[in-house]
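Accompanying notes for the structure given below.
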Amino acid sequence: MVSRLKSLIILPEKPLKFFGIALLIILFPLFPLLPGFIRTDGFYIDWWNHLWMTNYFGLYFEHNFDFPFVINTNNFGGIGNPSPLFYGYLFYPVLGLLSNFLNADLALRLAFFCLWLLQFTAIYKVFFQQTENRLISLTITALCLWTIYPLTNIYNRSALTEAFATGFLTVAFCCLILFLQEEKWGRKLRYLSFLGLSMTMVIGSH
């Protein structure tokens with residue numbers, strides 16, 4: 001009985017080993033992003049477009065304490081481009097706000113690490129509840145985080161808004177499963193809140 005209760009605790013018996021493996025699972029697919037923390041580095045054409053938009057939103061907020069409804073510049077599709085109304089209407093404001101404290105390039109990269117951490121936590125929790133086996137749960141989580149589609153969106157297509165939307169969709173689906181399986185209403189409401197927040201980011205990112 002005691003061993004069964006211990007297996008249900010989030011922290012394992014050897015936390016350093018567990019967190020080391022978890023860190024490896026999260027960092028491995030994002031390793032190409034690391035050089036960009038010390039030098040200007042990007043992927044494909046659209047990476048720079050997303051970077052430009054993030055910086056535009058950050059600078060606009062810095063001067064106006066608001067976010068733009070249209071892109072007023074000749075450098076990006078002409079004056080009065082209504083892109084923020086229909087595409088990434090939460091993605092660019094959130095990262096633009098973060099870029100005020102760091103810069104646009106670091107904001108983009110850190111956001112991916114945070115998203116992969118959220119996905120790791122959600123996926124691992126779902127499969128650990130099902131299997132109560134840390135090795136199986138870590139293996140499945142690694143397979144989910146190392147899939148080709150999101151990595152192609154980042155490094156080849158540079159479809160960053162799509163990468164964020166699909167990542168938050170994964171988190172939302174995991175929260176739905178946890179919500180349906182949980183019996184305590186306090187935790188149910190917590191998972192439901194995370195589900196709603198994740199779906200908001202899905203819709204607002206792409």
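By convention in this document, the chains of the structure tokens carry letters A, B, ... by their order, each chain's residues are numbered from 1, and ligands are numbered from 1 in the order they are shown.
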Those in stretch 26-160 of chain A with strand (DSSP E or B) from DSSP, as JSON, numbers by chain: {"A": [71, 72, 79, 80, 81]}
Once you have the residues from the selection above, write them out as a short mmCIF file (atom, residue, chain, number, x, y, z; two decimals), in the first residue's frame, restricted to C-alpha atoms.
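See selection.cif below for the written result:
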data_model
loop_
_atom_site.label_atom_id
_atom_site.label_comp_id
_atom_site.auth_asym_id
_atom_site.auth_seq_id
_atom_site.Cartn_x
_atom_site.Cartn_y
_atom_site.Cartn_z
CA ILE A 71 0.37 47.08 -39.45
CA ASN A 72 1.17 50.64 -40.54
CA ILE A 79 0.17 50.51 -45.00
CA GLY A 80 -2.92 49.35 -43.12
CA ASN A 81 -2.38 45.59 -43.27
#
Contacts of A:Ser198 within 10 Å, only C-alpha atoms, excl. fewer than 3 positions in-chain, as a VMD selection string: chain A and resid 165 167 to 173 175 192 to 195 201 to 204
Coordinates-based distance that separates atom CA of A:Gly96 from atom CA of A:Phe43 (Å, one decimal): 19.4 Å
Shortest interatomic distance to A:Phe164 - which of A:Leu189, A:Leu90, A:Ala122, A:Leu176, counting only C-alpha atoms: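 Closest candidate: A:Leu90.
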Interatomic distance (Å, one decimal) between atom CA of A:Pro68 and atom CA of A:Met53: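 These atoms are spaced 10.8 Å apart.
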Residue neighbourhood stretch 147-158 of chain A, 7 Å, only C-alpha atoms, exclusion window fewer than 3 positions, as number ranges by chain: A: 43-44, 46-47, 143-144, 163
Extract, using only C-alpha atoms, all DNA, RNA and protein residues at most 12 Å from stretch 19-25 of chain A, discarding same-chain residues fewer than 2 positions from it, and format them as a compact mmCIF listing (two decimals) with C-alpha atoms, in the first residue's frame.
# COMPACT_ATOMS: atom_id res chain seq x y z
CA ILE A 10 4.59 13.50 -8.73
CA LEU A 11 8.20 13.55 -7.50
CA PRO A 12 10.04 10.24 -7.97
CA GLU A 13 12.35 8.59 -5.45
CA LYS A 14 15.41 9.90 -7.37
CA PRO A 15 14.38 13.43 -8.37
CA LEU A 16 17.76 14.44 -9.83
CA LYS A 17 17.73 11.54 -12.27
CA LEU A 27 15.91 20.28 -24.73
CA PHE A 28 16.84 17.66 -27.33
CA PRO A 29 14.35 18.72 -30.05
CA LEU A 30 14.96 22.41 -29.28
CA PHE A 31 18.75 22.20 -29.34
CA PHE A 113 10.97 26.15 -24.29
CA CYS A 114 8.01 27.10 -22.08
CA TRP A 116 7.62 22.23 -24.59
CA LEU A 117 7.74 22.25 -20.78
CA LEU A 118 3.95 22.58 -20.63
CA GLN A 119 3.53 19.75 -23.13
CA PHE A 120 5.94 17.55 -21.21
CA THR A 121 4.06 18.13 -17.95
CA ILE A 123 1.56 14.41 -21.54
CA TYR A 124 3.61 12.82 -18.76
CA ARG A 134 7.68 6.35 -15.12
CA LEU A 135 9.76 4.69 -17.85
CA SER A 137 5.42 7.61 -19.41
CA LEU A 138 8.77 9.27 -20.15
CA THR A 139 9.19 7.23 -23.34
CA ILE A 140 5.76 8.15 -24.70
CA THR A 141 6.28 11.78 -23.72
CA ALA A 142 9.60 11.86 -25.57
CA LEU A 143 8.00 10.35 -28.68
CA CYS A 144 5.27 13.01 -28.57
CA LEU A 145 7.70 15.91 -28.14
CA TRP A 146 10.11 14.67 -30.80
CA THR A 147 7.55 14.22 -33.58
Test item, helix (DSSP H, G or I) assignment across stretch 66-186 of chain A, answer as a PyMOL selection string: chain A and resi 83-86+91-99+104-131+134-145+148-155+160-181+185-186
